[in-house]
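Next up, start_39.cif (mmCIF, C-alpha atoms; chains and numbers go by the auth columns):
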data_target
#
loop_
_atom_site.group_PDB
_atom_site.id
_atom_site.type_symbol
_atom_site.label_atom_id
_atom_site.label_comp_id
_atom_site.label_asym_id
_atom_site.label_seq_id
_atom_site.Cartn_x
_atom_site.Cartn_y
_atom_site.Cartn_z
_atom_site.B_iso_or_equiv
_atom_site.auth_seq_id
_atom_site.auth_asym_id
ATOM 1 C CA MET A 1 106.098 349.497 31.587 0.00 1 A
ATOM 2 C CA ALA A 2 106.941 345.869 32.153 0.00 2 A
ATOM 3 C CA GLY A 3 108.418 345.526 35.601 0.00 3 A
ATOM 4 C CA LEU A 4 107.703 349.149 36.448 0.00 4 A
ATOM 5 C CA GLN A 5 105.085 350.299 38.886 0.00 5 A
ATOM 6 C CA GLN A 6 102.173 352.046 37.207 0.00 6 A
ATOM 7 C CA THR A 7 101.653 355.690 37.991 0.00 7 A
ATOM 8 C CA ASN A 8 98.320 356.873 39.297 0.00 8 A
ATOM 9 C CA SER A 9 97.545 358.426 35.898 0.00 9 A
ATOM 10 C CA GLU A 10 98.229 355.122 34.159 0.00 10 A
ATOM 11 C CA LYS A 11 95.953 353.297 36.608 0.00 11 A
ATOM 12 C CA ILE A 12 93.176 355.817 36.018 0.00 12 A
ATOM 13 C CA LEU A 13 93.592 355.578 32.241 0.00 13 A
ATOM 14 C CA LEU A 14 93.631 351.771 32.368 0.00 14 A
ATOM 15 C CA SER A 15 90.473 351.789 34.495 0.00 15 A
ATOM 16 C CA TRP A 16 88.751 354.113 32.006 0.00 16 A
ATOM 17 C CA VAL A 17 89.760 351.875 29.078 0.00 17 A
ATOM 18 C CA ARG A 18 88.550 348.741 30.881 0.00 18 A
ATOM 19 C CA GLN A 19 85.228 350.408 31.649 0.00 19 A
ATOM 20 C CA SER A 20 84.865 351.616 28.063 0.00 20 A
ATOM 21 C CA THR A 21 85.607 348.198 26.546 0.00 21 A
ATOM 22 C CA ARG A 22 83.765 345.975 29.027 0.00 22 A
ATOM 23 C CA ASN A 23 81.011 345.112 26.507 0.00 23 A
ATOM 24 C CA TYR A 24 83.464 343.669 23.978 0.00 24 A
ATOM 25 C CA PRO A 25 84.051 339.993 24.836 0.00 25 A
ATOM 26 C CA GLN A 26 87.062 339.740 22.506 0.00 26 A
ATOM 27 C CA VAL A 27 88.842 342.498 24.457 0.00 27 A
ATOM 28 C CA ASN A 28 90.427 342.138 27.886 0.00 28 A
ATOM 29 C CA VAL A 29 92.600 345.124 28.713 0.00 29 A
ATOM 30 C CA ILE A 30 94.813 344.296 31.655 0.00 30 A
ATOM 31 C CA ASN A 31 97.907 346.339 30.762 0.00 31 A
ATOM 32 C CA PHE A 32 99.406 348.743 28.249 0.00 32 A
ATOM 33 C CA THR A 33 101.457 346.121 26.435 0.00 33 A
ATOM 34 C CA THR A 34 100.034 342.779 25.374 0.00 34 A
ATOM 35 C CA SER A 35 96.391 343.854 25.710 0.00 35 A
ATOM 36 C CA TRP A 36 96.810 346.167 22.724 0.00 36 A
ATOM 37 C CA SER A 37 98.907 344.024 20.397 0.00 37 A
ATOM 38 C CA ASP A 38 96.055 342.595 18.306 0.00 38 A
ATOM 39 C CA GLY A 39 94.428 345.965 17.533 0.00 39 A
ATOM 40 C CA LEU A 40 91.072 345.013 19.016 0.00 40 A
ATOM 41 C CA ALA A 41 91.338 347.133 22.174 0.00 41 A
ATOM 42 C CA LEU A 42 91.952 350.375 20.308 0.00 42 A
ATOM 43 C CA ASN A 43 89.070 349.696 17.920 0.00 43 A
ATOM 44 C CA ALA A 44 86.791 348.743 20.831 0.00 44 A
ATOM 45 C CA LEU A 45 87.709 351.943 22.643 0.00 45 A
ATOM 46 C CA ILE A 46 86.739 354.033 19.625 0.00 46 A
ATOM 47 C CA HIS A 47 83.616 351.969 18.935 0.00 47 A
ATOM 48 C CA SER A 48 82.434 352.196 22.546 0.00 48 A
ATOM 49 C CA HIS A 49 82.225 355.973 22.241 0.00 49 A
ATOM 50 C CA ARG A 50 81.239 356.250 18.565 0.00 50 A
ATOM 51 C CA PRO A 51 79.532 353.024 17.423 0.00 51 A
ATOM 52 C CA ASP A 52 78.136 354.845 14.416 0.00 52 A
ATOM 53 C CA LEU A 53 81.581 355.085 12.797 0.00 53 A
ATOM 54 C CA PHE A 54 82.107 351.430 11.870 0.00 54 A
ATOM 55 C CA ASP A 55 80.784 347.902 12.160 0.00 55 A
ATOM 56 C CA TRP A 56 82.520 346.138 15.048 0.00 56 A
ATOM 57 C CA ASN A 57 82.140 342.691 13.482 0.00 57 A
ATOM 58 C CA SER A 58 84.043 343.787 10.380 0.00 58 A
ATOM 59 C CA VAL A 59 87.009 344.724 12.580 0.00 59 A
ATOM 60 C CA VAL A 60 86.938 341.424 14.469 0.00 60 A
ATOM 61 C CA CYS A 61 87.070 339.572 11.132 0.00 61 A
ATOM 62 C CA GLN A 62 90.105 341.463 9.805 0.00 62 A
ATOM 63 C CA GLN A 63 93.037 339.133 9.362 0.00 63 A
ATOM 64 C CA SER A 64 95.963 340.872 10.993 0.00 64 A
ATOM 65 C CA ALA A 65 96.737 343.035 13.974 0.00 65 A
ATOM 66 C CA THR A 66 98.322 345.587 11.653 0.00 66 A
ATOM 67 C CA GLN A 67 95.089 345.847 9.632 0.00 67 A
ATOM 68 C CA ARG A 68 93.071 346.378 12.805 0.00 68 A
ATOM 69 C CA LEU A 69 95.508 349.004 14.105 0.00 69 A
ATOM 70 C CA GLU A 70 95.508 350.824 10.771 0.00 70 A
ATOM 71 C CA HIS A 71 91.714 350.757 10.822 0.00 71 A
ATOM 72 C CA ALA A 72 91.620 352.357 14.277 0.00 72 A
ATOM 73 C CA PHE A 73 94.152 355.026 13.326 0.00 73 A
ATOM 74 C CA ASN A 74 92.308 355.821 10.082 0.00 74 A
ATOM 75 C CA ILE A 75 88.980 356.175 11.902 0.00 75 A
ATOM 76 C CA ALA A 76 90.597 358.348 14.553 0.00 76 A
ATOM 77 C CA LYS A 77 92.117 360.632 11.930 0.00 77 A
ATOM 78 C CA CYS A 78 89.307 360.835 9.381 0.00 78 A
ATOM 79 C CA GLN A 79 86.304 360.783 11.697 0.00 79 A
ATOM 80 C CA LEU A 80 87.596 362.223 14.981 0.00 80 A
ATOM 81 C CA GLY A 81 90.374 364.521 13.833 0.00 81 A
ATOM 82 C CA ILE A 82 93.016 362.736 15.915 0.00 82 A
ATOM 83 C CA GLU A 83 96.306 362.599 14.049 0.00 83 A
ATOM 84 C CA LYS A 84 98.252 359.370 13.780 0.00 84 A
ATOM 85 C CA LEU A 85 101.425 360.256 15.629 0.00 85 A
ATOM 86 C CA LEU A 86 103.339 357.009 15.238 0.00 86 A
ATOM 87 C CA ASP A 87 103.543 354.084 12.846 0.00 87 A
ATOM 88 C CA PRO A 88 102.315 350.864 14.491 0.00 88 A
ATOM 89 C CA GLU A 89 104.752 348.785 12.426 0.00 89 A
ATOM 90 C CA ALA A 90 107.808 350.824 13.432 0.00 90 A
ATOM 91 C CA THR A 91 107.040 351.553 17.072 0.00 91 A
ATOM 92 C CA PRO A 92 106.396 349.243 20.027 0.00 92 A
ATOM 93 C CA ILE A 93 102.634 348.968 20.454 0.00 93 A
ATOM 94 C CA VAL A 94 102.579 350.277 24.023 0.00 94 A
ATOM 95 C CA GLN A 95 104.013 353.617 22.882 0.00 95 A
ATOM 96 C CA VAL A 96 101.555 353.886 19.998 0.00 96 A
ATOM 97 C CA VAL A 97 98.570 353.157 22.210 0.00 97 A
ATOM 98 C CA LEU A 98 99.572 355.363 25.121 0.00 98 A
ATOM 99 C CA ILE A 99 100.283 358.346 22.906 0.00 99 A
ATOM 100 C CA SER A 100 97.194 357.827 20.758 0.00 100 A
ATOM 101 C CA VAL A 101 94.789 357.220 23.623 0.00 101 A
ATOM 102 C CA THR A 102 96.031 360.029 25.818 0.00 102 A
ATOM 103 C CA THR A 103 96.195 362.496 22.937 0.00 103 A
ATOM 104 C CA GLY A 104 92.813 361.425 21.629 0.00 104 A
ATOM 105 C CA ARG A 105 91.195 361.490 25.026 0.00 105 A
ATOM 106 C CA SER A 106 92.470 364.988 25.724 0.00 106 A
ATOM 107 C CA SER A 107 91.133 366.292 22.407 0.00 107 A
ATOM 108 C CA TYR A 108 87.876 364.302 22.424 0.00 108 A
#

Translate the structure described by the file into C-alpha cells.
Amino acid sequence: MAGLQQTNSEKILLSWVRQSTRNYPQVNVINFTTSWSDGLALNALIHSHRPDLFDWNSVVCQQSATQRLEHAFNIAKCQLGIEKLLDPEATPIVQVVLISVTTGRSSY
C-alpha cells in the first residue's frame, strides 16, 4: 500500500485497530506496513479483545518479531479458531496482517 491511496475500508479497519490498541504504549499503528513488522500490534489487537488468553508482558519480552508473530498466530488458531493463512517468514508482513485481521474480524 506504500504510495497508494487507502480505500475507505482500509481507513475504517486502521481506525478500528488504532482504537483497539490505544492502551498499549509499545504499539503505534499508523499504517499496514511498518506498524506490524515487530509483531506487537497483532498481539495487542488480540489481547485488547481477549486479555485472558495471554500475559501481555511475556509477549513484549520475546526476543524476535518472528516469535511475536508466531505467538499471535498460535493464539488466534488455538484459542479463537482463526486459521493461520500465511507464513510470516515467507510473506510480506502487510499481506499477513491484512488477511489475518480481516479474516479474524469477520469470524470473531

Do a neighbour search on Asn57 (chain A) at 12 Å with only C-alpha atoms, toss out local chain neighbours closer than 4 positions, and write the hits as a PDB file with C-alpha atoms, in the coordinates of the input.
ATOM      1  CA  TYR A  24      83.464 343.669  23.978  1.00  0.00           C
ATOM      2  CA  PRO A  25      84.051 339.993  24.836  1.00  0.00           C
ATOM      3  CA  GLN A  26      87.062 339.740  22.506  1.00  0.00           C
ATOM      4  CA  LEU A  40      91.072 345.013  19.016  1.00  0.00           C
ATOM      5  CA  ASN A  43      89.070 349.696  17.920  1.00  0.00           C
ATOM      6  CA  ALA A  44      86.791 348.743  20.831  1.00  0.00           C
ATOM      7  CA  HIS A  47      83.616 351.969  18.935  1.00  0.00           C
ATOM      8  CA  PRO A  51      79.532 353.024  17.423  1.00  0.00           C
ATOM      9  CA  CYS A  61      87.070 339.572  11.132  1.00  0.00           C
ATOM     10  CA  GLN A  62      90.105 341.463   9.805  1.00  0.00           C
ATOM     11  CA  ARG A  68      93.071 346.378  12.805  1.00  0.00           C
TER      12      ARG A  68
END

**Asked** Using all atoms listed in the file, which residues sit within 12 Å of Gln19 (chain A) once same-chain residues fewer than 4 positions away are excluded, as a count of residues only?
**Response** 15

Inset, instruction - Figure out the distance between CA of Leu80 (chain A) and CA of Asp38 (chain A), please, to one decimal in Å. - result: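 According to the coordinates, CA of Asp38 (chain A) and CA of Leu80 (chain A) are separated by 21.6 Å.
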
Item to complete: Please indicate the distance in Å from CA of Trp56 (chain A) to CA of Val17 (chain A), rounded to one decimal place.
Response: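 Going from CA of Trp56 (chain A) over to CA of Val17 (chain A) covers 16.8 Å.
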
The distance between CA of Thr66 (chain A) and CA of Trp16 (chain A) is 24.1 Å

Measuring between all atoms listed in the file, which one of A:Ser37, A:Ser20, A:Ile46, A:Lys11 shows the shortest distance to Ile82 (chain A)?
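Closest to Ile82 (chain A) of all the choices is A:Ile46.
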
Run the PyMOL selection byres ((chain A and resi 79) around 12) mentally over the shown coordinates, then write out the matched residues as number ranges by chain, using the chain letters and numbers from the document. A: 46-47, 50-54, 71-78, 80-83, 104, 108

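Comparing A:Arg18, A:Lys84, A:Thr7, A:Gln63 by their smallest distance to Trp36 (chain A), the closest is A:Arg18 (using all atoms listed in the file).
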
Q | Among the residues A:Glu70, A:Ala65, A:Val60, A:Glu10, the one that comes closest to Phe32 (chain A) [using all atoms listed in the file] | A |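 Of the candidates, the smallest distance to Phe32 (chain A) is held by A:Glu10.
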
N, CA and C atoms are needed for region 31-47 of chain A; please write them out as an mmCIF file, in the coordinates of the input.
data_model
loop_
_atom_site.group_PDB
_atom_site.id
_atom_site.type_symbol
_atom_site.label_atom_id
_atom_site.label_comp_id
_atom_site.auth_asym_id
_atom_site.auth_seq_id
_atom_site.Cartn_x
_atom_site.Cartn_y
_atom_site.Cartn_z
ATOM 1 N N ASN A 31 96.646 345.595 30.698
ATOM 2 C CA ASN A 31 97.907 346.339 30.762
ATOM 3 C C ASN A 31 98.039 347.202 29.518
ATOM 4 N N PHE A 32 99.159 347.895 29.417
ATOM 5 C CA PHE A 32 99.406 348.743 28.249
ATOM 6 C C PHE A 32 100.408 348.101 27.284
ATOM 7 N N THR A 33 100.546 346.798 27.355
ATOM 8 C CA THR A 33 101.457 346.121 26.435
ATOM 9 C C THR A 33 100.688 345.083 25.629
ATOM 10 N N THR A 34 100.618 343.882 26.134
ATOM 11 C CA THR A 34 100.034 342.779 25.374
ATOM 12 C C THR A 34 98.548 342.950 25.084
ATOM 13 N N SER A 35 97.834 343.678 25.915
ATOM 14 C CA SER A 35 96.391 343.854 25.710
ATOM 15 C C SER A 35 96.067 344.616 24.434
ATOM 16 N N TRP A 36 97.036 345.322 23.889
ATOM 17 C CA TRP A 36 96.810 346.167 22.724
ATOM 18 C C TRP A 36 97.399 345.589 21.440
ATOM 19 N N SER A 37 98.119 344.509 21.529
ATOM 20 C CA SER A 37 98.907 344.024 20.397
ATOM 21 C C SER A 37 98.083 343.530 19.215
ATOM 22 N N ASP A 38 96.843 343.110 19.432
ATOM 23 C CA ASP A 38 96.055 342.595 18.306
ATOM 24 C C ASP A 38 95.178 343.651 17.635
ATOM 25 N N GLY A 39 95.193 344.877 18.139
ATOM 26 C CA GLY A 39 94.428 345.965 17.533
ATOM 27 C C GLY A 39 92.975 346.033 17.948
ATOM 28 N N LEU A 40 92.479 345.025 18.643
ATOM 29 C CA LEU A 40 91.072 345.013 19.016
ATOM 30 C C LEU A 40 90.746 346.040 20.097
ATOM 31 N N ALA A 41 91.622 346.214 21.062
ATOM 32 C CA ALA A 41 91.338 347.133 22.174
ATOM 33 C C ALA A 41 91.173 348.567 21.687
ATOM 34 N N LEU A 42 92.039 349.001 20.804
ATOM 35 C CA LEU A 42 91.952 350.375 20.308
ATOM 36 C C LEU A 42 90.673 350.580 19.492
ATOM 37 N N ASN A 43 90.316 349.606 18.672
ATOM 38 C CA ASN A 43 89.070 349.696 17.920
ATOM 39 C C ASN A 43 87.861 349.668 18.855
ATOM 40 N N ALA A 44 87.901 348.821 19.873
ATOM 41 C CA ALA A 44 86.791 348.743 20.831
ATOM 42 C C ALA A 44 86.639 350.057 21.590
ATOM 43 N N LEU A 45 87.756 350.665 21.935
ATOM 44 C CA LEU A 45 87.709 351.943 22.643
ATOM 45 C C LEU A 45 87.021 353.013 21.795
ATOM 46 N N ILE A 46 87.385 353.074 20.526
ATOM 47 C CA ILE A 46 86.739 354.033 19.625
ATOM 48 C C ILE A 46 85.263 353.680 19.456
ATOM 49 N N HIS A 47 84.984 352.412 19.190
ATOM 50 C CA HIS A 47 83.616 351.969 18.935
ATOM 51 C C HIS A 47 82.718 352.177 20.152
#
